[in-house]
Structure formats: structure tokens, C-alpha cells
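Below: the structure, in C-alpha cells.
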Amino acid sequence: MSTTDAQEMTCKELVELVTDYLEGALPPATRARFDEHLAGCPFCTTYLEQMRQTVKTLGALPDASIPPAALDALLGHFRKWR
Amino acid sequence: MTNDLVLDETQLLAALRERDEAAFVTLVRRYHGPLLRLAMVYAGSRAVAEEIVQETWLGVLQGIDRFEGRASFKTWLFRILINRAKTRSERERRTVPFSALASSEAGGDEPAVSPDRFLGADHPDWPNHWCAPPTSWGASPDQLLLSKEARDLIGGVIAGLPPAQRQVITLRDVDGWSAEEVCNALDVSETNQRVLLHRARSRVRGALESYFGRE
């Protein structure tokens, strides 16, 4: 383990690792440093929570519905194909 | 995807093979949003994207009798769209392959948070720790996050992202694809996929933070 690995993680470092953390892609040693920092840092805890909320919100965006004219055109093709 | 949906989809596909119009309409409605979003990534305009979606469904009708269900219907459907979109952009001579775009966008330095929100590296006690930390969005920000205003804001941020970031965050977070599905569909490495996702998510979070108002 290099000196950097053993050092405490900084907030600036943590925000760049959030996605790897959420994706489960951090090496175990880095993940341990991440968790350790998080346990003592309410700010980074808030940051992580905001990233989770961001992802959740993105997943809840409503779908556009198909314009009636486009559906009619497709149905025209469908009836020919049938 | 839940088992119920898979089962339901198997039945819909069987009905479509029997030329059942209602099954076709159900599928078209179900996938219109995701298909249109994916098409928008390739197309220069909404009108072109709508055309690509139309062509995709024609491709489905042409191919459904040969579709053996080895891949999921969703995978097959999106592959048709990607192929149509690529053919079209080649015709229009926009031929930068996605993997090249991804490598270029994943390179360089793009901090998730503005460096001026952290103390300097030479700070005696708290080097590189927050000096302007994020403040909580409240106990249940969901309602606010799902307001039309917030949705429009997010839509605007996504539309303004560099193309590869936009594509990855759309597929992963808006449409719920797995990392593996995205890597396969876009022919991009796992690492670049994660970098692009990270940058895109960070930008959306930053915009939402401004929306909530930093105190």
C-alpha cells in the first residue's frame, strides 16, 4: 500500500469517487477509506445523499407519449404489414 | 425488469406475431419515451429523432418473425434503433464513432465540484476539505425534485451535456440500463462509461443544488 492509500481521504477526493462507490467499482482499500471519511464527515454524507437523489430523480422523469399522428402513421404501416 | 414484465412481454410478442394490433400499440406506447430519448442522442432534431423511432418500429415488423428471443426484446429493439440511427448519421456524414467520442470526453480534467468550494491543499488543518459544503435538500425533497420546474431544469442540463455524457446518463439513469448493457450497446470501456456517467451526474447534481439554493 502506498502512502497515499494509507492517508485519510479528503472531501475533494471523495466527490470524484462517488460514482465508483455507488457502482461498487472501488478497490477494497479505497472503499474502506471512503467509508471511514464518510463516517466522520456530515458534508460528504450530504453530498453522497444528493447524488443518490439525483440518480433517483433521473429515473423518475416521465416518458413522452407518442404523438397521435405518429401512432396513426405506424398503424398504417402495421395494417399493410399484417 | 421484473418477471411480470418479462412474462407480459413474451405474451405481447406472441400476440404481435399473430398480427395483433393491440399488442403492437401497447409495445409502441411502452417504448416510445426510451426510444425517442436514445434517438435524440444521435439526431440533430426532435423531428429526425421521431423519424428514427418510426423506422425502428418498421424494422421490428420486418424482423419479428425471425426474432428468436435469444436477446431480450428490449436489447433487440434498441439495437435496431442504434443501427438505423448510425446508418442515417453516416448518410449525413456525422461519422465520429461513439468510442472515439467517449475517449475524448472522458479525457482531461473536469472536477465534479468547483475547486473553489474546497480549502487549499496547503491548509494547515483541513487541506482539500469543504469550505462551502453542500446543504441538505431537506428530509423529503422528492416532491420538489419531481416538480415540472425541476424536470425541465434536468431536461435542459441533459440536453446541454457533451454528447457521450448525455448518451450514457440517458441510458443508465433515465432508462435504467445496466453498465454492461451500455458498454455493449455503445462499444465503450467500463472505465470510460463510469467517467462519463460520473461527470454527467455531477453536472445534474450541481444544477439541482443551484435550484435548491445554496445557503
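Identifiers in this document derive from the order of the C-alpha cells: chains are assigned A, B, ..., residues are numbered from 1 separately in each chain, and ligands are numbered from 1 in order of occurrence.
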
Worksheet item: Arg29 in chain B: which residues within 9 Å, counting only C-alpha atoms, same-chain residues fewer than 5 positions away excluded, as a PyMOL selection string?
Response: (chain A and resi 65-66+71) or (chain B and resi 24)

Selection export as a PDB file, in the first residue's frame, atoms kept: N, CA and C atoms:
```pdb
ATOM      1  N   SER A  65     -45.245  10.839 -24.432  1.00  0.00           N
ATOM      2  CA  SER A  65     -46.147   9.903 -25.097  1.00  0.00           C
ATOM      3  C   SER A  65     -46.086  10.161 -26.602  1.00  0.00           C
ATOM      4  N   ILE A  66     -46.414   9.123 -27.348  1.00  0.00           N
ATOM      5  CA  ILE A  66     -46.265   9.225 -28.808  1.00  0.00           C
ATOM      6  C   ILE A  66     -47.338  10.168 -29.368  1.00  0.00           C
ATOM      7  N   LEU A  71     -48.506   7.771 -34.191  1.00  0.00           N
ATOM      8  CA  LEU A  71     -49.126   6.473 -33.942  1.00  0.00           C
ATOM      9  C   LEU A  71     -49.996   6.055 -35.134  1.00  0.00           C
TER      10      LEU A  71
ATOM     11  N   PHE B  24     -49.283  -4.532 -30.621  1.00  0.00           N
ATOM     12  CA  PHE B  24     -48.350  -3.604 -31.269  1.00  0.00           C
ATOM     13  C   PHE B  24     -48.440  -2.223 -30.623  1.00  0.00           C
TER      14      PHE B  24
END
```

Fill in: Contacts of Glu13 in chain A within 8 Å, only C-alpha atoms, excl. fewer than 4 positions in-chain, as a PyMOL selection string
(chain A and resi 9+17) or (chain B and resi 128)

Discussion item. Run DSSP on the backbone and tell me which residues of range 62-150 of chain B come out as helix (DSSP H, G or I); list them as a PyMOL selection string.
Written reply: chain B and resi 62-63+73-91+98-106+115-117+142-145+148-150

Fill in: Expected answer as an NGL selection string: chain B residues within 8 Å of chain A, only C-alpha atoms
:B and (19 or 21 or 29 or 32-34 or 54 or 57-58 or 61 or 111-113 or 115 or 118 or 127-130 or 133-137 or 142 or 145-146 or 151 or 154 or 173-176 or 194 or 197-198 or 201-202 or 204-205 or 208)

Output file for the residues above (C-alpha atoms, as a PDB file, in the first residue's frame):
```pdb
ATOM      1  CA  ARG B  19     -50.653  -9.771 -36.067  1.00  0.00           C
ATOM      2  CA  GLU B  21     -52.807  -4.681 -33.390  1.00  0.00           C
ATOM      3  CA  ARG B  29     -46.527   3.184 -26.247  1.00  0.00           C
ATOM      4  CA  HIS B  32     -41.774   5.392 -27.163  1.00  0.00           C
ATOM      5  CA  GLY B  33     -40.102   7.505 -24.449  1.00  0.00           C
ATOM      6  CA  PRO B  34     -36.883   5.479 -24.144  1.00  0.00           C
ATOM      7  CA  GLN B  54     -40.737   5.270 -36.737  1.00  0.00           C
ATOM      8  CA  TRP B  57     -40.811   0.076 -35.481  1.00  0.00           C
ATOM      9  CA  LEU B  58     -40.849  -0.737 -39.186  1.00  0.00           C
ATOM     10  CA  LEU B  61     -42.327  -5.527 -38.015  1.00  0.00           C
ATOM     11  CA  PRO B 111     -13.959  18.371 -11.453  1.00  0.00           C
ATOM     12  CA  ALA B 112     -17.297  17.176 -10.071  1.00  0.00           C
ATOM     13  CA  VAL B 113     -17.409  20.215  -7.818  1.00  0.00           C
ATOM     14  CA  PRO B 115     -12.358  23.623  -6.726  1.00  0.00           C
ATOM     15  CA  PHE B 118     -12.644  23.376  -1.031  1.00  0.00           C
ATOM     16  CA  PRO B 127      -6.467  20.563   3.300  1.00  0.00           C
ATOM     17  CA  ASN B 128      -8.878  19.833   0.427  1.00  0.00           C
ATOM     18  CA  HIS B 129     -11.889  19.717   2.720  1.00  0.00           C
ATOM     19  CA  TRP B 130     -15.113  21.615   2.098  1.00  0.00           C
ATOM     20  CA  PRO B 133     -20.187  22.424   1.766  1.00  0.00           C
ATOM     21  CA  PRO B 134     -23.448  21.229   0.246  1.00  0.00           C
ATOM     22  CA  THR B 135     -26.506  21.779   2.379  1.00  0.00           C
ATOM     23  CA  SER B 136     -29.243  19.198   2.704  1.00  0.00           C
ATOM     24  CA  TRP B 137     -32.157  19.348   0.275  1.00  0.00           C
ATOM     25  CA  ASP B 142     -38.890  14.173  -3.755  1.00  0.00           C
ATOM     26  CA  LEU B 145     -37.451  17.194  -7.405  1.00  0.00           C
ATOM     27  CA  LEU B 146     -40.388  15.863  -9.372  1.00  0.00           C
ATOM     28  CA  ARG B 151     -37.869  18.237 -14.531  1.00  0.00           C
ATOM     29  CA  ILE B 154     -32.887  18.492 -15.591  1.00  0.00           C
ATOM     30  CA  ASP B 173     -30.191   6.709 -15.179  1.00  0.00           C
ATOM     31  CA  VAL B 174     -33.208   7.830 -17.186  1.00  0.00           C
ATOM     32  CA  ASP B 175     -33.889   4.483 -18.854  1.00  0.00           C
ATOM     33  CA  GLY B 176     -32.337   2.192 -16.255  1.00  0.00           C
ATOM     34  CA  ARG B 194     -18.138   5.298 -15.435  1.00  0.00           C
ATOM     35  CA  LEU B 197     -21.637   8.816 -16.005  1.00  0.00           C
ATOM     36  CA  HIS B 198     -19.814  10.491 -13.134  1.00  0.00           C
ATOM     37  CA  ARG B 201     -24.370  13.025 -12.776  1.00  0.00           C
ATOM     38  CA  SER B 202     -22.119  15.603 -11.152  1.00  0.00           C
ATOM     39  CA  VAL B 204     -27.021  17.396 -12.896  1.00  0.00           C
ATOM     40  CA  ARG B 205     -26.443  17.398  -9.134  1.00  0.00           C
ATOM     41  CA  LEU B 208     -30.143  20.814  -8.738  1.00  0.00           C
TER      42      LEU B 208
END
```

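The environment of Gln11 in chain B within 12 Å, counting only C-alpha atoms and disregarding residues fewer than 6 places along the same chain, consists of Asp4, Leu5, Arg17, Glu18, Asp20, Ala22, Ala23, Phe24, Thr26, Leu27 and Phe73 of chain B.
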
With C-alpha atoms retained, export the selected residues as a PDB file, in the first residue's frame.
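Once written, part_9.pdb looks like this:
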```
ATOM      1  CA  ASP B   4     -44.065  -9.992 -14.538  1.00  0.00           C
ATOM      2  CA  LEU B   5     -42.989  -7.582 -17.217  1.00  0.00           C
ATOM      3  CA  ARG B  17     -46.516 -12.488 -34.298  1.00  0.00           C
ATOM      4  CA  GLU B  18     -50.214 -13.284 -34.602  1.00  0.00           C
ATOM      5  CA  ASP B  20     -52.496  -8.456 -33.012  1.00  0.00           C
ATOM      6  CA  ALA B  22     -53.460  -4.015 -29.694  1.00  0.00           C
ATOM      7  CA  ALA B  23     -50.218  -5.768 -28.773  1.00  0.00           C
ATOM      8  CA  PHE B  24     -48.350  -3.604 -31.269  1.00  0.00           C
ATOM      9  CA  THR B  26     -49.005  -1.469 -26.295  1.00  0.00           C
ATOM     10  CA  LEU B  27     -45.361  -2.027 -27.241  1.00  0.00           C
ATOM     11  CA  PHE B  73     -36.806  -7.816 -26.796  1.00  0.00           C
TER      12      PHE B  73
END
```

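Interatomic distance, CA of Glu90 in chain B against CA of Glu68 in chain B: 28.8 Å.
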
Discussion item. For Ala39 in chain B, find every residue with an atom within 7 Å (counting only C-alpha atoms), except residues of its own chain fewer than 6 positions away, and show them as a PyMOL selection string.
Written reply: chain B and resi 49+52-53+85
